[in-house]
Amino acid sequence: MSNYIVLVKQVPDVSQITDNAFDLETGTLVRTRLASVINELDAQALAFANKMRLDSGGKNGKIISLSMGPPMAEEVLRYSLSRCADMVILLTDRALGGADTWATANPLAYAIRKIVREILKNDNDYYVITGMQSVDGDTAQVPAQIAEELNLPCIAYVTDAQFKNSHFEFTRIISGGSQVVAAKKLPAVITVAKYEYPLFATFWRTRWANKTQVIRWASADIDATHIGVAGSKTSVIRVFPPGKSTRKCQQISDAESLAKLLVESFKCGNGQITEGGQAQTPHYVLPDKRASLFNRSFEGTKKEREDYEILTDKLNELGITEISQIDDAAKGKVLGTCGERFHKKALEDMIDGFKLTKPAFQGEVWVVAEHSGGAVHPATFELIGKARELADSLETKVGVAVAGYDLQHMAKELIAAGADNIYTIEDKLLEVFDPTAHRKAIADAISTYWPQIVLYAATPQGRMLAPMVSYRVSCGLTADCTGLDIRDNSRNSFIGILLQTRPALGGNVMATIRTKNSKSQMATARPGVMKRLPPDPSRKGRLIRHKVQLSQDDVSLEIIKTEIGGGGVNFNANVIVSGGKGMQSRDNYERLVSMLCDALSKKLDTQVERGASRAAVEQGFIERAHQVGQTGTSIGSKLYVALGISGAIQHMIGVANTETIIAINSDPNAPIFKQCDYYIVATVEDIVPELVKALE
Ligand SMILES: Cc1cc2nc3c(=O)[nH]c(=O)nc-3n(C[C@H](O)[C@H](O)[C@H](O)COP(=O)(O)OP(=O)(O)OC[C@H]3O[C@@H](n4cnc5c(N)ncnc54)[C@H](O)[C@@H]3O)c2cc1C
C-alpha cells in the first residue's frame, strides 16, 4: 500500500495573457493582472496519483498534496482536497520567497522528510508525484533536484503507469522514442508529462474540502539548508519582452495563393535565420585584450554599459588615461556632472571595476555529451560550437565529458566539432542512460577538474541529468537557454561571467540569469538554437580517461522496454510535409500527406519527406522515425508544411532552422500561426486536395 506525496503549485494563468498584462514601460508581466490557477501538469499529476492508488488496489494509501507559496496558494490545496487528496500542507513563509530552483527543491525536500517522519511514520513505501514542470518557471529542474536531495530514483516525463507483479512500470518520453521503466527501489520521484484524464470535484467533496484544515508549515518547521534569495545559486539580472518573431505570420485566404507562395518560397528562400531568432551580439573580449582598460562595452546590462560610457567620456574630457590618475579631485569633477546618473559609492565600485581583468571563474568550458546506440546526439555538436565561441573569448579550452561504455570512437568526431579535451568515463554500468549512475559519473568528473562553464542539451535526458549533477556539486543551473554570452558585471567584481538567457512564463517574457555562490556556471541549452561548426578533421585534441567507482547500487532504474524510431527517413530532403493529430486518422494521414508530397515533389522537382508530430506518432498515424521535434529529429529543410499541428514548443524546437514554415490548421487561435510564415485557417480535408490541384 503505497502513499503519494503530490507537489502542486499555484501559477499565473498564462493561457489568458492579454496586452494589458504587460507593464508598457518595462515590458514585463504584471502578475497581479492574471488569475492564479493550479499548474496544469500538477493537476494531471494529482489525477495520476489517484490512478496509481486505484490501479494498485491500495485504497488505504494516502494522497498528501504539498505546496510551497504565498498564503493564497491554499486555493490549489483546496482544489486537491476537492479531487482526491486526503491531507494538504502549505509551506509558506516570506523567507522562502524569491527562490530559484535550488532553493525551491531544498525546502520542499525537507518538507517531504517531515511528512515521511511525522505523517507516514517513516514508512518508505511512497511516491513523490509532480508535474514535469510549471508554466511560470518552465525549468523541469525542481523534481530532479528534490530526488537528488533525498537520494531517490527519479523517473521523468512519464505518460503512463501499469501495475504489474506488485509494482509499477512507467512509460516515459525519451529522446527519439519512449521507454518503459520501473524504479529499482522505493521511494521514487515521478514527473508527469501528460495524463489526459482529469479529475472533477463532486458536490460533497467540494464541501468537505472547504471545511478541511490546511496544515501550514513555516521555514522554521522544516530546517531546510538553502532557502529564499540567499539560498539561491542563480539570480535574474534582467527581464524583457521576447523579440518579435522573425517569421512573417501572414494569413493566406485561398489554396491558389498558398500554392504560389509555396513555389516562390522554395525558389527564393526566406532570408537569414539568426541564432534563437535574435540579433547576434558581438563576441566578448577580455578586458586586458581591449584597446583600453576603460573600455567596458561588454557589461551585462544596458544601464551599466551606459554608466561606464558616461564615466569614460568624462575621464577623457579630464585627460585621464591611467586608473592611478583618478584622484579625489577627479572623482569630485565626475560626480559634479554625473552625480544624477550614479552616486559616490557606485562611482567607487565602477573605478574598482576598471582594475579587474581576470575572469571570475576559472577552468575550461565543458559540454556534457549525450549519445545513444554509439551515435552522438546532434545537440551535443551544437553545444560544442557554442562552447568553442565562449572558450575562445575566455582564452581557455573546450572539454567534453562523456559517460558510457565503449566511447573511444566518439573522440575524433567530438574533436573535429571543436573540442580540445575529451573526458571519458567508461563503465559497463553506464552503457545505457541511468539518471543516478550517470549523474555520479559526470558530477565526479566535474568536481575533479572544475570547469568554469558546463553546458548540457535541453533534451529530456539533459534536463534530467543537469539538475541532479548541479545539485550534487552545489552549483546553480539555468534551464533551456536560447542565448549564452560572456559579459562583465565589473561594478560587482564579476568579469567574464556567463549570461544565460531563456524564455519564461510560456515564452511571454525573456529572462537573463547569472550564476552565484557556485564554483561552476551551468546551463541547459535548447536544441536547434546554437550552431554546429563545420567539422574540421585536422583538429587535434586529447583523450583523458576519468575513473569513477560504480556499483549496482548506483543504478536506479530497471529498463523494461525501449522504443526508438529506426532510420530510413530522409530528413535532409528540401521539403518536409508533416501531419499532426489534426489529421484525425491513419488513413487521412496516408492519403493527404502522400498526395501533397507527390504534388510538391513534381512541381518543385525535389525530394520531399514525410514528418509527424509526436501526437500523430502516438496515435499510430506513422512510425516514430518520422517524428519531428525535441525528442524526434530537428530538421533544417527549405520548406516545412505542418498539417493539423498545434505548434507545441517541443515540436517547434525541431523546425527552428527551416527556412519557410507553412501551417494549415482549423483553429484560428492555433499557436503555430504565431511561429510560421504563411498559414490558412481550414481543415486539412478541405484544403489539401485544393492545394494539390492548384500546384498541378
Ligand atoms: C518531454 C516532451 C518531449 C516532446 N517531444 C516532442 C517532439 O519531439 N515532437 C512533437 O511533435 N511533440 C513533442 N512533444 C509533445 C508536444 O508537447 C505536443 O503534445 C505535440 O507536439 C502535439 O502534437 P499535435 O500538434 O499533432 O497535436 P495537438 O496539440 O493535439 O494539435 C492538433 C491540432 O490539429 C488541429 N486540427 C484538428 N482537426 C483538424 C483538421 N481537421 N484540420 C486541420 N487542423 C486540425 C487542432 O486545431 C490542433 O491545433 C513532447 C512533449 C514532451 C512533454
# chains A, B, ... in the order shown; residues from 1 in each chain; ligands from 1
>>> residues_near_ligand(ligand="ligand 1", cutoff="6 Å", atoms="only C-alpha atoms and all ligand atoms", output="number ranges by chain")
A: 157, 173, 193, 460, 580-583, 613-616, 628-632, 644-648, 650-651, 664-667, 670, 682-684
>>> write_last_selection(atoms="N, CA, C and O atoms", output="compact mmCIF listing (two decimals), in the first residue's frame")
# COMPACT_ATOMS: atom_id res chain seq x y z
N TYR A 157 9.23 12.65 -17.15
CA TYR A 157 8.47 12.67 -18.41
C TYR A 157 7.58 11.44 -18.58
O TYR A 157 7.52 10.83 -19.64
N ILE A 173 8.79 9.52 -21.83
CA ILE A 173 9.32 10.07 -23.08
C ILE A 173 10.84 10.13 -22.97
O ILE A 173 11.37 10.59 -21.97
N ALA A 193 4.38 13.97 -17.62
CA ALA A 193 4.45 14.85 -18.81
C ALA A 193 3.08 14.97 -19.45
O ALA A 193 2.79 15.96 -20.13
N PRO A 460 15.18 15.68 -23.03
CA PRO A 460 14.69 15.06 -21.79
C PRO A 460 15.84 14.50 -20.94
O PRO A 460 15.82 14.62 -19.73
N GLY A 580 -0.10 16.16 -38.12
CA GLY A 580 -0.25 16.10 -36.67
C GLY A 580 -1.51 15.33 -36.28
O GLY A 580 -2.13 14.66 -37.12
N LYS A 581 -1.89 15.49 -35.03
CA LYS A 581 -3.07 14.80 -34.51
C LYS A 581 -4.32 15.26 -35.27
O LYS A 581 -5.30 14.53 -35.38
N GLY A 582 -4.26 16.48 -35.82
CA GLY A 582 -5.39 17.03 -36.58
C GLY A 582 -5.67 16.27 -37.86
O GLY A 582 -6.67 16.53 -38.54
N MET A 583 -4.79 15.33 -38.25
CA MET A 583 -5.08 14.51 -39.43
C MET A 583 -6.21 13.53 -39.14
O MET A 583 -6.74 12.90 -40.04
N SER A 613 4.07 14.96 -35.97
CA SER A 613 4.22 15.40 -34.58
C SER A 613 4.27 14.16 -33.70
O SER A 613 3.91 13.06 -34.13
N ARG A 614 4.68 14.38 -32.45
CA ARG A 614 4.72 13.25 -31.52
C ARG A 614 3.32 12.67 -31.32
O ARG A 614 3.13 11.46 -31.25
N ALA A 615 2.33 13.59 -31.25
CA ALA A 615 0.94 13.13 -31.02
C ALA A 615 0.49 12.24 -32.18
O ALA A 615 -0.18 11.23 -31.97
N ALA A 616 0.88 12.59 -33.41
CA ALA A 616 0.48 11.78 -34.57
C ALA A 616 1.13 10.40 -34.49
O ALA A 616 0.50 9.38 -34.80
N VAL A 628 9.17 14.70 -35.78
CA VAL A 628 9.97 15.93 -35.82
C VAL A 628 9.85 16.60 -34.45
O VAL A 628 8.78 16.62 -33.87
N GLY A 629 10.96 17.14 -33.95
CA GLY A 629 10.85 17.90 -32.70
C GLY A 629 11.94 17.59 -31.71
O GLY A 629 12.92 16.91 -32.04
N GLN A 630 11.73 18.07 -30.49
CA GLN A 630 12.74 17.96 -29.44
C GLN A 630 13.16 16.52 -29.20
O GLN A 630 14.33 16.23 -29.00
N THR A 631 12.18 15.60 -29.20
CA THR A 631 12.52 14.21 -28.95
C THR A 631 12.42 13.38 -30.22
O THR A 631 12.46 12.16 -30.17
N GLY A 632 12.24 14.06 -31.34
CA GLY A 632 12.30 13.39 -32.63
C GLY A 632 13.55 13.90 -33.33
O GLY A 632 14.61 13.99 -32.73
N GLY A 644 -2.38 20.21 -39.53
CA GLY A 644 -3.07 19.78 -38.30
C GLY A 644 -2.12 19.63 -37.13
O GLY A 644 -2.21 18.67 -36.35
N ILE A 645 -1.18 20.56 -37.00
CA ILE A 645 -0.21 20.55 -35.89
C ILE A 645 -0.40 21.84 -35.10
O ILE A 645 -0.46 22.93 -35.67
N SER A 646 -0.51 21.73 -33.77
CA SER A 646 -0.88 22.90 -32.97
C SER A 646 0.28 23.89 -32.79
O SER A 646 0.08 25.09 -32.66
N GLY A 647 1.53 23.39 -32.75
CA GLY A 647 2.67 24.30 -32.59
C GLY A 647 3.22 24.29 -31.17
O GLY A 647 3.73 25.30 -30.70
N ALA A 648 3.16 23.11 -30.50
CA ALA A 648 3.75 22.99 -29.15
C ALA A 648 5.25 23.26 -29.24
O ALA A 648 5.88 22.93 -30.25
N GLN A 650 7.77 21.86 -28.02
CA GLN A 650 8.63 20.70 -28.28
C GLN A 650 8.64 20.34 -29.76
O GLN A 650 9.58 19.74 -30.25
N HIS A 651 7.57 20.67 -30.47
CA HIS A 651 7.57 20.43 -31.92
C HIS A 651 8.34 21.53 -32.64
O HIS A 651 9.18 21.25 -33.50
N ILE A 664 -1.34 24.66 -41.82
CA ILE A 664 -2.78 24.57 -42.11
C ILE A 664 -3.42 24.00 -40.85
O ILE A 664 -3.04 22.93 -40.36
N ASN A 665 -4.36 24.76 -40.29
CA ASN A 665 -4.98 24.34 -39.04
C ASN A 665 -6.39 24.91 -38.98
O ASN A 665 -6.62 26.03 -39.43
N SER A 666 -7.33 24.13 -38.44
CA SER A 666 -8.73 24.59 -38.43
C SER A 666 -9.01 25.56 -37.28
O SER A 666 -10.04 26.23 -37.27
N ASP A 667 -8.08 25.64 -36.31
CA ASP A 667 -8.30 26.53 -35.16
C ASP A 667 -7.68 27.90 -35.43
O ASP A 667 -6.45 28.00 -35.55
N ALA A 670 -4.66 28.73 -33.26
CA ALA A 670 -3.59 27.72 -33.10
C ALA A 670 -2.24 28.44 -32.87
O ALA A 670 -1.89 29.34 -33.63
N ALA A 682 -8.20 26.40 -41.97
CA ALA A 682 -9.11 25.48 -42.69
C ALA A 682 -8.84 24.06 -42.22
O ALA A 682 -7.79 23.80 -41.60
N THR A 683 -9.76 23.17 -42.55
CA THR A 683 -9.48 21.77 -42.21
C THR A 683 -8.57 21.19 -43.28
O THR A 683 -8.63 21.60 -44.45
N VAL A 684 -7.74 20.26 -42.87
CA VAL A 684 -6.81 19.66 -43.84
C VAL A 684 -7.58 18.90 -44.92
O VAL A 684 -7.17 18.88 -46.09
>>> select_by_dssp(residues="segment 172-225 of chain A", states="strand (DSSP E or B)", output="ChimeraX atom specification")
/A:172-174,177-183,188-192,215-217
>>> atom_distance(atom1="atom CA of Arg463 of chain A", atom2="atom CA of Ala479 of chain A")
7.5 Å
>>> closest_residue(among="A:Glu395, A:Arg542, A:Ala694, A:Asp677", to="Thr246 of chain A", atoms="only C-alpha atoms")
A:Asp677
>>> closest_residue(among="A:Ser56, A:Asn106, A:Thr436, A:Gln362", to="Ile453 of chain A", atoms="only C-alpha atoms")
A:Gln362
>>> atom_distance(atom1="atom CA of Leu186 of chain A", atom2="atom CA of Pro467 of chain A")
20.6 Å
>>> residues_around(residues="Ile442 of chain A", least_positions_apart="3", cutoff="10 Å", atoms="only C-alpha atoms", output="ChimeraX atom specification")
/A:368,401-403,423-425,437-439,445-448,465-466,469-470,546,548
>>> closest_residue(among="A:Ser490, A:Ser372, A:Gln213, A:Gln521", to="Gly300 of chain A", atoms="only C-alpha atoms")
A:Ser490
>>> select_by_dssp(residues="segment 413-535 of chain A", states="alpha helix (DSSP H)", output="ChimeraX atom specification")
/A:413-416,435-449,460-472
>>> residues_around(residues="Lys184 of chain A", least_positions_apart="3", cutoff="6 Å", atoms="only C-alpha atoms", output="list in words")
Ser556, Leu557 and Glu558 of chain A
>>> write_last_selection(atoms="N, CA and C atoms", output="PDB file, in the first residue's frame")
ATOM      1  N   SER A 556      19.532   3.109 -10.707  1.00  0.00           N
ATOM      2  CA  SER A 556      18.248   3.301 -10.022  1.00  0.00           C
ATOM      3  C   SER A 556      17.061   2.723 -10.775  1.00  0.00           C
ATOM      4  N   LEU A 557      17.225   2.522 -12.090  1.00  0.00           N
ATOM      5  CA  LEU A 557      16.066   2.103 -12.879  1.00  0.00           C
ATOM      6  C   LEU A 557      16.271   0.741 -13.519  1.00  0.00           C
ATOM      7  N   GLU A 558      15.159  -0.008 -13.581  1.00  0.00           N
ATOM      8  CA  GLU A 558      15.173  -1.242 -14.360  1.00  0.00           C
ATOM      9  C   GLU A 558      14.525  -0.890 -15.702  1.00  0.00           C
TER      10      GLU A 558
END
>>> residues_around(residues="segment 123-131 of chain A", least_positions_apart="6", cutoff="10 Å", atoms="only C-alpha atoms", output="VMD selection string")
chain A and resid 1 to 9 39 to 46 48 to 49 52 61 to 66 112 116 to 117 140 142 to 143 146 to 147 152 154 to 158 185 to 195
>>> atom_distance(atom1="atom CA of Glu148 of chain A", atom2="atom CA of Tyr110 of chain A")
12.0 Å
